[in-house]
>>> print(open('structure.cif').read())   # mmCIF, C-alpha atoms and all ligand atoms
data_run
#
loop_
_atom_site.label_atom_id
_atom_site.label_comp_id
_atom_site.auth_asym_id
_atom_site.auth_seq_id
_atom_site.Cartn_x
_atom_site.Cartn_y
_atom_site.Cartn_z
CA MET A 13 -83.71 -75.61 176.06
CA LYS A 14 -83.58 -77.66 172.86
CA ARG A 15 -86.23 -80.39 172.51
CA VAL A 16 -84.48 -83.73 172.26
CA GLY A 17 -85.76 -86.98 170.74
CA PHE A 18 -84.29 -90.37 171.61
CA ILE A 19 -84.61 -93.59 169.60
CA GLY A 20 -83.35 -96.92 170.96
CA LEU A 21 -83.61 -97.57 174.69
CA GLY A 22 -81.37 -100.65 174.97
CA PHE A 23 -78.45 -101.21 177.36
CA MET A 24 -76.85 -97.97 176.22
CA GLY A 25 -79.80 -95.78 175.21
CA GLY A 26 -81.70 -96.49 178.44
CA GLY A 27 -79.02 -94.92 180.65
CA MET A 28 -78.07 -92.15 178.22
CA SER A 29 -81.65 -90.93 177.77
CA MET A 30 -82.20 -90.95 181.54
CA ASN A 31 -79.19 -88.63 181.94
CA LEU A 32 -80.69 -86.18 179.41
CA LEU A 33 -83.90 -86.10 181.45
CA ARG A 34 -81.91 -85.56 184.64
CA VAL A 35 -80.32 -82.35 183.37
CA GLY A 36 -83.73 -81.09 182.25
CA PHE A 37 -83.95 -81.57 178.45
CA PRO A 38 -87.57 -81.95 177.26
CA LEU A 39 -87.38 -85.52 175.93
CA THR A 40 -89.48 -87.58 173.52
CA VAL A 41 -88.60 -91.28 173.29
CA TRP A 42 -89.38 -94.24 171.03
CA ASN A 43 -88.33 -97.88 171.23
CA ARG A 44 -89.28 -100.70 168.84
CA THR A 45 -90.25 -102.87 171.83
CA PRO A 46 -92.59 -100.45 173.63
CA SER A 47 -92.19 -102.00 177.11
CA LYS A 48 -88.65 -100.54 177.32
CA MET A 49 -90.15 -97.02 177.20
CA LYS A 50 -91.92 -97.44 180.54
CA LEU A 51 -89.05 -96.40 182.82
CA LEU A 52 -88.45 -93.21 180.80
CA LEU A 53 -92.14 -92.32 180.63
CA ASN A 54 -92.43 -92.76 184.39
CA ALA A 55 -89.43 -90.43 184.81
CA GLY A 56 -91.13 -87.67 182.78
CA ALA A 57 -90.31 -88.32 179.10
CA MET A 58 -93.00 -88.11 176.41
CA GLY A 59 -93.63 -91.18 174.25
CA ALA A 60 -93.86 -91.28 170.45
CA GLY A 61 -95.36 -93.90 168.13
CA SER A 62 -92.52 -93.96 165.56
CA PRO A 63 -89.14 -92.40 164.73
CA ARG A 64 -91.03 -89.99 162.43
CA GLU A 65 -93.14 -88.79 165.37
CA VAL A 66 -89.98 -88.35 167.48
CA ALA A 67 -88.56 -86.07 164.79
CA GLU A 68 -91.79 -84.08 164.52
CA SER A 69 -91.51 -83.00 168.15
CA SER A 70 -87.71 -82.53 168.43
CA ASP A 71 -84.98 -80.06 167.46
CA ILE A 72 -82.27 -82.68 167.92
CA VAL A 73 -82.85 -86.41 167.37
CA ILE A 74 -80.51 -89.02 168.87
CA ASP A 75 -80.53 -92.68 167.89
CA ILE A 76 -78.55 -95.59 169.29
CA VAL A 77 -79.62 -98.88 167.73
CA THR A 78 -77.63 -101.93 166.63
CA ASP A 79 -76.11 -102.05 163.13
CA SER A 80 -75.96 -100.07 159.86
CA PRO A 81 -79.28 -101.43 158.42
CA ASP A 82 -81.03 -100.60 161.72
CA VAL A 83 -79.82 -96.99 161.60
CA GLU A 84 -80.94 -96.76 157.97
CA GLU A 85 -84.37 -98.07 158.98
CA VAL A 86 -84.98 -95.64 161.87
CA LEU A 87 -83.55 -92.64 160.00
CA LEU A 88 -84.49 -93.21 156.34
CA GLY A 89 -87.15 -95.98 156.48
CA ALA A 90 -90.88 -95.70 155.72
CA ASP A 91 -91.68 -94.27 159.17
CA GLY A 92 -88.20 -92.86 159.69
CA VAL A 93 -86.84 -89.60 161.11
CA ILE A 94 -86.36 -88.09 157.63
CA HIS A 95 -90.13 -87.90 157.14
CA GLY A 96 -90.73 -85.92 160.35
CA ALA A 97 -87.63 -83.72 160.53
CA LYS A 98 -87.72 -80.05 159.57
CA PRO A 99 -84.79 -78.26 157.88
CA GLY A 100 -82.40 -77.28 160.68
CA THR A 101 -82.95 -80.45 162.70
CA ILE A 102 -79.74 -82.17 163.82
CA VAL A 103 -79.59 -85.97 163.91
CA ILE A 104 -76.97 -87.60 166.15
CA ASP A 105 -76.34 -91.28 165.46
CA MET A 106 -74.59 -92.78 168.49
CA SER A 107 -74.69 -96.42 167.34
CA THR A 108 -71.51 -98.14 166.16
CA ILE A 109 -71.93 -98.62 162.41
CA SER A 110 -70.05 -98.45 159.11
CA PRO A 111 -68.26 -95.15 158.36
CA SER A 112 -69.21 -95.35 154.66
CA VAL A 113 -72.90 -96.07 155.39
CA THR A 114 -72.79 -93.10 157.80
CA ARG A 115 -71.61 -90.78 155.03
CA ARG A 116 -74.36 -92.02 152.72
CA ILE A 117 -77.09 -91.47 155.35
CA ALA A 118 -75.70 -88.00 156.16
CA GLU A 119 -75.91 -87.13 152.47
CA GLU A 120 -79.57 -88.25 152.26
CA LEU A 121 -80.51 -86.23 155.35
CA GLY A 122 -78.55 -83.27 154.00
CA LYS A 123 -80.87 -83.13 150.97
CA LYS A 124 -83.66 -82.16 153.42
CA GLY A 125 -81.56 -79.57 155.24
CA VAL A 126 -80.97 -81.96 158.16
CA ARG A 127 -77.41 -82.13 159.50
CA MET A 128 -76.08 -85.41 160.90
CA LEU A 129 -73.32 -86.09 163.41
CA ASP A 130 -71.89 -89.57 163.93
CA ALA A 131 -71.13 -89.81 167.64
CA PRO A 132 -70.42 -93.39 168.72
CA VAL A 133 -69.53 -93.98 172.33
CA SER A 134 -67.26 -96.03 174.55
CA GLY A 135 -67.58 -96.80 178.24
CA GLY A 136 -70.18 -99.55 178.31
CA ASP A 137 -73.55 -99.71 179.98
CA ILE A 138 -71.87 -98.57 183.21
CA GLY A 139 -70.59 -95.38 181.55
CA ALA A 140 -74.01 -94.87 179.95
CA ARG A 141 -75.73 -94.93 183.35
CA ARG A 142 -73.08 -92.79 185.07
CA GLY A 143 -72.84 -90.23 182.25
CA THR A 144 -69.11 -90.84 181.87
CA LEU A 145 -68.96 -92.03 178.25
CA SER A 146 -66.25 -91.18 175.75
CA ILE A 147 -67.96 -89.69 172.73
CA MET A 148 -66.13 -89.45 169.38
CA VAL A 149 -67.86 -87.13 166.98
CA GLY A 150 -67.67 -86.75 163.20
CA GLY A 151 -69.48 -84.14 161.12
CA ASP A 152 -70.06 -80.42 160.83
CA ALA A 153 -68.16 -78.38 163.50
CA GLU A 154 -71.05 -75.90 163.98
CA ALA A 155 -73.53 -78.72 164.59
CA PHE A 156 -71.05 -80.22 167.07
CA LYS A 157 -70.93 -76.91 168.97
CA ASP A 158 -74.75 -76.71 169.04
CA CYS A 159 -74.95 -80.23 170.51
CA LEU A 160 -72.21 -79.89 173.13
CA PRO A 161 -74.59 -79.46 176.12
CA ILE A 162 -76.30 -82.69 175.05
CA PHE A 163 -73.03 -84.58 174.79
CA GLU A 164 -71.95 -83.19 178.18
CA ALA A 165 -75.07 -84.67 179.79
CA MET A 166 -74.04 -88.15 178.62
CA GLY A 167 -70.26 -88.17 178.56
CA LYS A 168 -66.98 -86.93 180.03
CA THR A 169 -64.51 -87.17 177.13
CA ILE A 170 -66.08 -85.49 174.14
CA THR A 171 -63.94 -85.10 171.03
CA HIS A 172 -64.73 -83.71 167.61
CA VAL A 173 -62.48 -85.91 165.48
CA GLY A 174 -63.25 -84.72 161.93
CA CYS A 175 -65.79 -84.80 159.12
CA SER A 176 -68.75 -87.15 158.62
CA GLY A 177 -67.85 -90.81 159.27
CA MET A 178 -64.66 -90.04 161.21
CA GLY A 179 -66.41 -90.57 164.56
CA GLN A 180 -67.20 -94.11 163.42
CA THR A 181 -63.63 -94.67 162.21
CA VAL A 182 -62.24 -93.62 165.60
CA LYS A 183 -64.78 -95.88 167.31
CA LEU A 184 -63.43 -98.79 165.25
CA CYS A 185 -59.92 -97.91 166.51
CA ASN A 186 -61.41 -98.07 170.00
CA GLN A 187 -62.84 -101.52 169.28
CA ILE A 188 -59.47 -102.82 168.06
CA LEU A 189 -58.05 -101.75 171.43
CA VAL A 190 -60.98 -103.16 173.43
CA GLY A 191 -60.75 -106.64 171.89
CA MET A 192 -57.02 -107.13 172.22
CA ASN A 193 -57.19 -105.78 175.74
CA MET A 194 -60.02 -108.15 176.71
CA LEU A 195 -58.21 -111.14 175.24
CA GLY A 196 -55.09 -110.09 177.17
CA VAL A 197 -57.07 -109.93 180.42
CA ALA A 198 -58.54 -113.40 179.83
CA GLU A 199 -55.17 -114.96 178.93
CA ALA A 200 -53.34 -113.35 181.85
CA LEU A 201 -55.94 -114.45 184.40
CA MET A 202 -56.05 -117.98 182.97
CA PHE A 203 -52.26 -118.18 183.11
CA ALA A 204 -52.41 -117.06 186.75
CA ALA A 205 -55.03 -119.71 187.53
CA LYS A 206 -53.05 -122.50 185.80
CA SER A 207 -49.96 -121.43 187.76
CA GLY A 208 -51.76 -121.57 191.10
CA VAL A 209 -51.75 -117.80 191.80
CA ASP A 210 -54.58 -116.33 193.88
CA LEU A 211 -56.66 -114.51 191.27
CA LYS A 212 -57.84 -111.70 193.51
CA SER A 213 -54.28 -110.84 194.56
CA CYS A 214 -53.17 -111.01 190.93
CA LEU A 215 -55.92 -108.61 189.83
CA THR A 216 -55.13 -106.14 192.63
CA ALA A 217 -51.40 -106.27 191.94
CA VAL A 218 -51.57 -105.64 188.21
CA SER A 219 -54.49 -103.18 188.16
CA GLY A 220 -52.46 -100.27 189.54
CA GLY A 221 -49.46 -100.66 187.22
CA ALA A 222 -48.78 -100.18 183.52
CA ALA A 223 -51.19 -103.02 182.66
CA GLY A 224 -54.17 -101.36 184.32
CA SER A 225 -57.20 -100.80 182.08
CA TRP A 226 -61.00 -100.47 181.95
CA GLN A 227 -61.27 -104.07 180.73
CA LEU A 228 -59.11 -105.35 183.56
CA THR A 229 -60.94 -103.39 186.27
CA ASN A 230 -64.49 -104.06 185.08
CA ASN A 231 -64.48 -107.28 183.08
CA GLY A 232 -61.54 -108.79 185.02
CA ALA A 233 -63.56 -108.39 188.23
CA LYS A 234 -66.61 -109.97 186.57
CA LEU A 235 -64.52 -112.96 185.47
CA LEU A 236 -63.38 -113.61 189.03
CA LYS A 237 -67.04 -113.88 190.04
CA GLY A 238 -67.81 -116.17 187.08
CA ASP A 239 -70.16 -113.45 185.78
CA LEU A 240 -70.61 -113.63 182.01
CA GLU A 241 -73.75 -111.47 181.87
CA PRO A 242 -73.58 -108.79 179.19
CA GLY A 243 -72.82 -105.14 179.42
CA PHE A 244 -71.68 -105.48 175.80
CA LYS A 245 -72.76 -108.63 173.99
CA VAL A 246 -70.50 -111.01 172.02
CA LYS A 247 -72.82 -110.75 168.99
CA ASP A 248 -72.51 -106.93 169.00
CA TYR A 249 -68.73 -107.16 169.25
CA LEU A 250 -68.68 -109.60 166.32
CA LYS A 251 -70.59 -106.92 164.41
CA ASP A 252 -67.89 -104.38 165.29
CA LEU A 253 -65.13 -106.80 164.24
CA ARG A 254 -66.88 -107.19 160.88
CA LEU A 255 -67.04 -103.39 160.52
CA ILE A 256 -63.33 -103.10 161.42
CA MET A 257 -62.30 -105.71 158.83
CA GLU A 258 -64.44 -104.09 156.11
CA ALA A 259 -63.02 -100.63 156.85
CA ALA A 260 -59.44 -101.99 157.01
CA ALA A 261 -59.91 -103.64 153.60
CA GLU A 262 -60.90 -100.25 152.18
CA VAL A 263 -57.46 -98.86 153.17
CA ASN A 264 -55.63 -102.14 152.44
CA MET A 265 -54.43 -102.53 156.04
CA PRO A 266 -53.60 -105.96 157.50
CA LEU A 267 -54.87 -106.35 161.08
CA VAL A 268 -53.06 -109.37 162.49
CA GLY A 269 -53.89 -109.06 166.20
CA THR A 270 -57.52 -108.17 165.50
CA SER A 271 -57.84 -111.24 163.24
CA VAL A 272 -56.90 -113.50 166.16
CA VAL A 273 -59.45 -111.71 168.35
CA GLN A 274 -62.09 -112.17 165.64
CA GLN A 275 -61.48 -115.94 165.45
CA MET A 276 -61.69 -116.29 169.24
CA TYR A 277 -65.04 -114.47 169.33
CA ARG A 278 -66.34 -116.44 166.34
CA SER A 279 -65.67 -119.62 168.30
CA LEU A 280 -67.86 -118.24 171.11
CA ASP A 281 -70.72 -117.77 168.65
CA ALA A 282 -70.30 -121.40 167.57
CA GLU A 283 -70.52 -122.41 171.26
CA GLY A 284 -73.88 -120.64 171.66
CA LEU A 285 -72.44 -117.78 173.75
CA LYS A 286 -73.38 -114.85 171.49
CA ASP A 287 -75.73 -113.26 174.03
CA LYS A 288 -73.11 -113.32 176.81
CA GLY A 289 -70.84 -110.35 177.58
CA THR A 290 -67.50 -109.88 175.80
CA GLN A 291 -65.70 -111.20 178.90
CA ALA A 292 -67.01 -114.63 177.76
CA VAL A 293 -63.85 -114.85 175.64
CA ILE A 294 -62.54 -116.60 178.75
CA ARG A 295 -64.46 -119.70 177.58
CA ALA A 296 -62.37 -119.84 174.38
CA VAL A 297 -59.17 -119.32 176.40
CA GLU A 298 -60.21 -122.02 178.89
CA LYS A 299 -60.75 -124.44 176.03
CA LEU A 300 -57.24 -123.88 174.70
CA ALA A 301 -55.78 -124.08 178.20
CA GLU A 302 -57.81 -127.20 179.11
CA GLY A 303 -58.73 -125.61 182.41
CA LYS A 304 -61.28 -123.52 184.27
CA LEU A 305 -60.71 -119.99 185.56
CA VAL A 306 -63.11 -120.25 188.54
P1 LIG A 401 -79.15 -103.36 172.84
O1 LIG A 401 -79.31 -103.35 174.30
O2 LIG A 401 -79.31 -104.65 172.09
O3 LIG A 401 -80.17 -102.27 172.24
C1 LIG A 401 -80.35 -102.11 170.87
C2 LIG A 401 -81.45 -101.09 170.67
O4 LIG A 401 -81.64 -100.89 169.28
C3 LIG A 401 -82.81 -101.56 171.22
O5 LIG A 401 -83.50 -100.44 171.69
C4 LIG A 401 -83.45 -102.14 169.96
O6 LIG A 401 -84.86 -102.18 170.01
C5 LIG A 401 -82.99 -101.14 168.94
N1 LIG A 401 -83.04 -101.63 167.55
C6 LIG A 401 -82.20 -102.52 166.96
N2 LIG A 401 -82.54 -102.70 165.67
C7 LIG A 401 -83.59 -101.88 165.45
C8 LIG A 401 -84.38 -101.60 164.31
N3 LIG A 401 -84.15 -102.21 163.12
N4 LIG A 401 -85.38 -100.72 164.43
C9 LIG A 401 -85.62 -100.10 165.59
N5 LIG A 401 -84.93 -100.31 166.72
C10 LIG A 401 -83.91 -101.19 166.64
O7 LIG A 401 -77.73 -102.81 172.37
P2 LIG A 401 -76.78 -101.72 173.09
O8 LIG A 401 -75.77 -102.47 173.89
O9 LIG A 401 -77.59 -100.64 173.71
O10 LIG A 401 -76.00 -101.18 171.80
C11 LIG A 401 -76.52 -100.17 170.96
C12 LIG A 401 -75.38 -99.62 170.08
O11 LIG A 401 -74.38 -99.08 170.94
C13 LIG A 401 -74.69 -100.70 169.20
O12 LIG A 401 -74.34 -100.13 167.97
C14 LIG A 401 -73.46 -101.05 170.02
O13 LIG A 401 -72.42 -101.54 169.21
C15 LIG A 401 -73.12 -99.70 170.65
N6 LIG A 401 -72.36 -99.75 171.91
C16 LIG A 401 -72.67 -100.62 172.90
C17 LIG A 401 -71.91 -100.63 174.07
C18 LIG A 401 -72.21 -101.58 175.22
O14 LIG A 401 -71.35 -101.74 176.09
N7 LIG A 401 -73.39 -102.17 175.30
C19 LIG A 401 -70.85 -99.75 174.22
C20 LIG A 401 -70.58 -98.84 173.21
C21 LIG A 401 -71.34 -98.85 172.06
P3 LIG A 401 -85.61 -103.43 170.76
O15 LIG A 401 -85.63 -103.06 172.21
O16 LIG A 401 -86.95 -103.47 170.13
O17 LIG A 401 -84.80 -104.66 170.47
#
>>> encode(input="structure.cif", output="C-alpha cells", more="lines below")
Ligand code: NAP
Amino acid sequence: MKRVGFIGLGFMGGGMSMNLLRVGFPLTVWNRTPSKMKLLLNAGAMGAGSPREVAESSDIVIDIVTDSPDVEEVLLGADGVIHGAKPGTIVIDMSTISPSVTRRIAEELGKKGVRMLDAPVSGGDIGARRGTLSIMVGGDAEAFKDCLPIFEAMGKTITHVGCSGMGQTVKLCNQILVGMNMLGVAEALMFAAKSGVDLKSCLTAVSGGAAGSWQLTNNGAKLLKGDLEPGFKVKDYLKDLRLIMEAAAEVNMPLVGTSVVQQMYRSLDAEGLKDKGTQAVIRAVEKLAEGKLV
C-alpha cells in the first residue's frame, strides 16, 4: 500500500485523514498547531516535524490548509514538501485556492519530477468525517488513476474534471452554488417566520420537493436550533468569494447573484461574525427583515 502523508488537520483534514487510517494506509501527519495531531497519533498515525519530513516518508502527500499563500508555504516554503519529495512523488492539494496559483505551484513541483493534483472538496466537515465528500480533480490523468484508492477512502463522488487548476475552477462553481443556496435558505425561513408559519413544518414540507438541498437539510436544521457554530466558517467563505471574483475577472464574467452574496457575507464580517458558520448569513437577513428567526 502507498505511504500517505497528510498536512493540515483542521475541520476537514482531521476527518479525512482518519478515514485514510481506517482503510489501512500507512499515514504520516503534520499540523502547524501540534496539539491537533494527538487524535491521529493515538489512532496509529506517525507524526512528522515539518511538511518536508512528511514528504520524506511518503509516496503521496496530501495537504488541506486555508488559502493560496498557505499552500505555497507548506509545499514550496523553507521547510516545505518540495525539499523532502523524491521524483515520482504525487502531491494532492485539497484546499480551496486560486486556480492560477495552483498552476504555478504545479509547475514548480514539476521541475523536481513531482506531479501535483488539485483536488478540492465539497460536503463540509460532516462529509469529511463520513467519507462522503465530492472531490473535483484537476491534473495529470495517470496521477489521478494512481490516487483513486486514496480519493475513494475520503469521498463518494470523485470526478477528474481536466488539467491542472480545473479542479479549483470547478470548486469555485460549487461555491457560487453554495452561497446563493444558503442565502435562499435564510431568506425563505425568515419569510416563513415573519408570516407566522411553523418553521419545522416549513422545513419538512420543502425539503422533499424541488427546493431540497444540502444547505437546506443541514444548515436549515441548524438555523432552527439557533446553532451558528461552524462547519464552514464565514471568513473561509469570504476567501472563496474573493477567489471567485478574481477568477471571474480573468474571463470577464459578471457575477450578479454572487456579488449580492458577497456583500451579505461582508456585512457579517463587519458584525464580528467571521468565525461563525456560513449559516450565520441569517443575521444579515434578520437585520434587513427587522426580525428574529428563532
Ligand atoms: P480549518 O479548520 O481552519 O483548518 C485549516 C488548517 O490549515 C489547519 O490545520 C491549519 O493549521 C492549517 N494551516 C493554515 N494556514 C497554514 C499555514 N500557513 N501553514 C501551515 N498550516 C496552515 O479549515 P478547514 O475548514 O479544515 O478548511 C481547510 C480548507 O478546506 C480550506 O481551503 C477550505 O476553504 C476548504 N473547505 C472547507 C470546508 C468546510 O466545510 N470546512 C468544505 C470544503 C472545503 P493550524 O491548526 O495550526 O491553524
>>> residues_near_ligand(input="structure.cif", ligand="ligand LIG 401 (chain A)", cutoff="6 Å", atoms="all atoms listed in the file", output="list in words")
Gly20, Leu21, Gly22, Phe23, Met24, Gly25, Asn43, Arg44, Thr45, Ile76, Val77, Thr78, Asp79, Asp82, Glu85, Val86, Ser107, Thr108, Val133, Ser134, Gly135, Gly136, Asp137, Gly243, Phe244 and Asp248 of chain A
>>> residues_around(input="structure.cif", residues="Gln227 (chain A)", least_positions_apart="5", cutoff="12 Å", atoms="all atoms listed in the file", output="list in words")
Ser134, Gly135, Gly136, Gln187, Leu189, Val190, Gly191, Met192, Asn193, Met194, Leu195, Gly196, Val197, Ala198, Leu215, Ser219, Gly232, Ala233, Lys234, Leu235, Gly243, Phe244, Gly289, Thr290 and Gln291 of chain A
>>> atom_distance(input="structure.cif", atom1="CA of Ile74 (chain A)", atom2="CA of Ser47 (chain A)")
19.3 Å
>>> closest_residue(input="structure.cif", among="A:Met28, A:Met13, A:Ala301, A:Leu87", to="Phe203 (chain A)", atoms="all atoms listed in the file")
A:Ala301
>>> atom_distance(input="structure.cif", atom1="CA of Ala57 (chain A)", atom2="CA of Thr40 (chain A)")
5.7 Å
>>> closest_residue(input="structure.cif", among="A:Leu253, A:Thr216, A:Gly150, A:Leu88", to="Met276 (chain A)", atoms="all atoms listed in the file")
A:Leu253
>>> residues_around(input="structure.cif", residues="Val16 (chain A)", least_positions_apart="3", cutoff="8 Å", atoms="all atoms listed in the file", output="PyMOL selection string")
chain A and resi 37-40+70-74
>>> atom_distance(input="structure.cif", atom1="CA of Val35 (chain A)", atom2="CA of Ala165 (chain A)")
6.8 Å
>>> closest_atom_pairs(input="structure.cif", of="region 141-187 of chain A", to="region 121-126 of chain A", cutoff="12 Å", atoms="all atoms listed in the file", output="tab-separated table")
residue	atom	partner	partner_atom	distance
A:Gly151	CA	A:Gly122	CA	11.6
A:Asp152	CA	A:Gly122	CA	11.3
A:Ala155	CA	A:Val126	CA	10.4
A:Ser176	CA	A:Gly122	CA	11.5
>>> decode(input="structure.cif", residues="region 197-206 of chain A", atoms="all heavy atoms", output="PDB file, in the first residue's frame")
ATOM      1  N   VAL A 197     -31.950  29.783   1.511  1.00  0.00           N
ATOM      2  CA  VAL A 197     -32.466  29.086   2.705  1.00  0.00           C
ATOM      3  C   VAL A 197     -32.780  30.106   3.794  1.00  0.00           C
ATOM      4  O   VAL A 197     -33.857  30.086   4.409  1.00  0.00           O
ATOM      5  CB  VAL A 197     -31.440  28.038   3.217  1.00  0.00           C
ATOM      6  CG1 VAL A 197     -31.836  27.504   4.586  1.00  0.00           C
ATOM      7  CG2 VAL A 197     -31.294  26.887   2.215  1.00  0.00           C
ATOM      8  N   ALA A 198     -31.840  31.028   4.032  1.00  0.00           N
ATOM      9  CA  ALA A 198     -32.017  32.016   5.105  1.00  0.00           C
ATOM     10  C   ALA A 198     -33.223  32.918   4.801  1.00  0.00           C
ATOM     11  O   ALA A 198     -34.058  33.173   5.686  1.00  0.00           O
ATOM     12  CB  ALA A 198     -30.741  32.838   5.264  1.00  0.00           C
ATOM     13  N   GLU A 199     -33.334  33.379   3.560  1.00  0.00           N
ATOM     14  CA  GLU A 199     -34.447  34.274   3.209  1.00  0.00           C
ATOM     15  C   GLU A 199     -35.788  33.552   3.297  1.00  0.00           C
ATOM     16  O   GLU A 199     -36.756  34.097   3.806  1.00  0.00           O
ATOM     17  CB  GLU A 199     -34.269  34.825   1.782  1.00  0.00           C
ATOM     18  CG  GLU A 199     -33.420  36.078   1.756  1.00  0.00           C
ATOM     19  CD  GLU A 199     -33.507  36.860   0.446  1.00  0.00           C
ATOM     20  OE1 GLU A 199     -34.278  36.464  -0.471  1.00  0.00           O
ATOM     21  OE2 GLU A 199     -32.799  37.861   0.350  1.00  0.00           O
ATOM     22  N   ALA A 200     -35.831  32.319   2.826  1.00  0.00           N
ATOM     23  CA  ALA A 200     -37.097  31.572   2.836  1.00  0.00           C
ATOM     24  C   ALA A 200     -37.556  31.319   4.270  1.00  0.00           C
ATOM     25  O   ALA A 200     -38.737  31.510   4.596  1.00  0.00           O
ATOM     26  CB  ALA A 200     -36.918  30.244   2.090  1.00  0.00           C
ATOM     27  N   LEU A 201     -36.622  30.918   5.135  1.00  0.00           N
ATOM     28  CA  LEU A 201     -37.005  30.632   6.522  1.00  0.00           C
ATOM     29  C   LEU A 201     -37.432  31.915   7.244  1.00  0.00           C
ATOM     30  O   LEU A 201     -38.385  31.914   8.028  1.00  0.00           O
ATOM     31  CB  LEU A 201     -35.856  29.936   7.264  1.00  0.00           C
ATOM     32  CG  LEU A 201     -35.578  28.484   6.836  1.00  0.00           C
ATOM     33  CD1 LEU A 201     -34.365  27.918   7.566  1.00  0.00           C
ATOM     34  CD2 LEU A 201     -36.803  27.577   7.059  1.00  0.00           C
ATOM     35  N   MET A 202     -36.728  33.007   6.955  1.00  0.00           N
ATOM     36  CA  MET A 202     -37.087  34.283   7.601  1.00  0.00           C
ATOM     37  C   MET A 202     -38.466  34.748   7.145  1.00  0.00           C
ATOM     38  O   MET A 202     -39.270  35.254   7.937  1.00  0.00           O
ATOM     39  CB  MET A 202     -36.015  35.332   7.256  1.00  0.00           C
ATOM     40  CG  MET A 202     -36.115  36.604   8.072  1.00  0.00           C
ATOM     41  SD  MET A 202     -35.802  36.284   9.807  1.00  0.00           S
ATOM     42  CE  MET A 202     -37.035  37.336  10.542  1.00  0.00           C
ATOM     43  N   PHE A 203     -38.734  34.548   5.860  1.00  0.00           N
ATOM     44  CA  PHE A 203     -40.059  34.907   5.312  1.00  0.00           C
ATOM     45  C   PHE A 203     -41.140  34.067   5.999  1.00  0.00           C
ATOM     46  O   PHE A 203     -42.204  34.573   6.379  1.00  0.00           O
ATOM     47  CB  PHE A 203     -40.043  34.677   3.796  1.00  0.00           C
ATOM     48  CG  PHE A 203     -41.378  34.773   3.128  1.00  0.00           C
ATOM     49  CD1 PHE A 203     -42.105  35.959   3.163  1.00  0.00           C
ATOM     50  CD2 PHE A 203     -41.918  33.677   2.450  1.00  0.00           C
ATOM     51  CE1 PHE A 203     -43.337  36.055   2.541  1.00  0.00           C
ATOM     52  CE2 PHE A 203     -43.151  33.767   1.832  1.00  0.00           C
ATOM     53  CZ  PHE A 203     -43.867  34.950   1.878  1.00  0.00           C
ATOM     54  N   ALA A 204     -40.854  32.773   6.192  1.00  0.00           N
ATOM     55  CA  ALA A 204     -41.806  31.901   6.888  1.00  0.00           C
ATOM     56  C   ALA A 204     -42.045  32.410   8.309  1.00  0.00           C
ATOM     57  O   ALA A 204     -43.191  32.509   8.761  1.00  0.00           O
ATOM     58  CB  ALA A 204     -41.269  30.464   6.911  1.00  0.00           C
ATOM     59  N   ALA A 205     -40.958  32.763   8.996  1.00  0.00           N
ATOM     60  CA  ALA A 205     -41.081  33.229  10.389  1.00  0.00           C
ATOM     61  C   ALA A 205     -41.903  34.518  10.454  1.00  0.00           C
ATOM     62  O   ALA A 205     -42.818  34.645  11.283  1.00  0.00           O
ATOM     63  CB  ALA A 205     -39.693  33.454  10.978  1.00  0.00           C
ATOM     64  N   LYS A 206     -41.611  35.455   9.558  1.00  0.00           N
ATOM     65  CA  LYS A 206     -42.339  36.748   9.550  1.00  0.00           C
ATOM     66  C   LYS A 206     -43.823  36.539   9.259  1.00  0.00           C
ATOM     67  O   LYS A 206     -44.667  37.308   9.674  1.00  0.00           O
ATOM     68  CB  LYS A 206     -41.769  37.677   8.457  1.00  0.00           C
ATOM     69  CG  LYS A 206     -40.441  38.299   8.768  1.00  0.00           C
ATOM     70  CD  LYS A 206     -40.516  39.528   9.645  1.00  0.00           C
ATOM     71  CE  LYS A 206     -40.722  40.824   8.901  1.00  0.00           C
ATOM     72  NZ  LYS A 206     -40.521  42.001   9.795  1.00  0.00           N
TER      73      LYS A 206
END
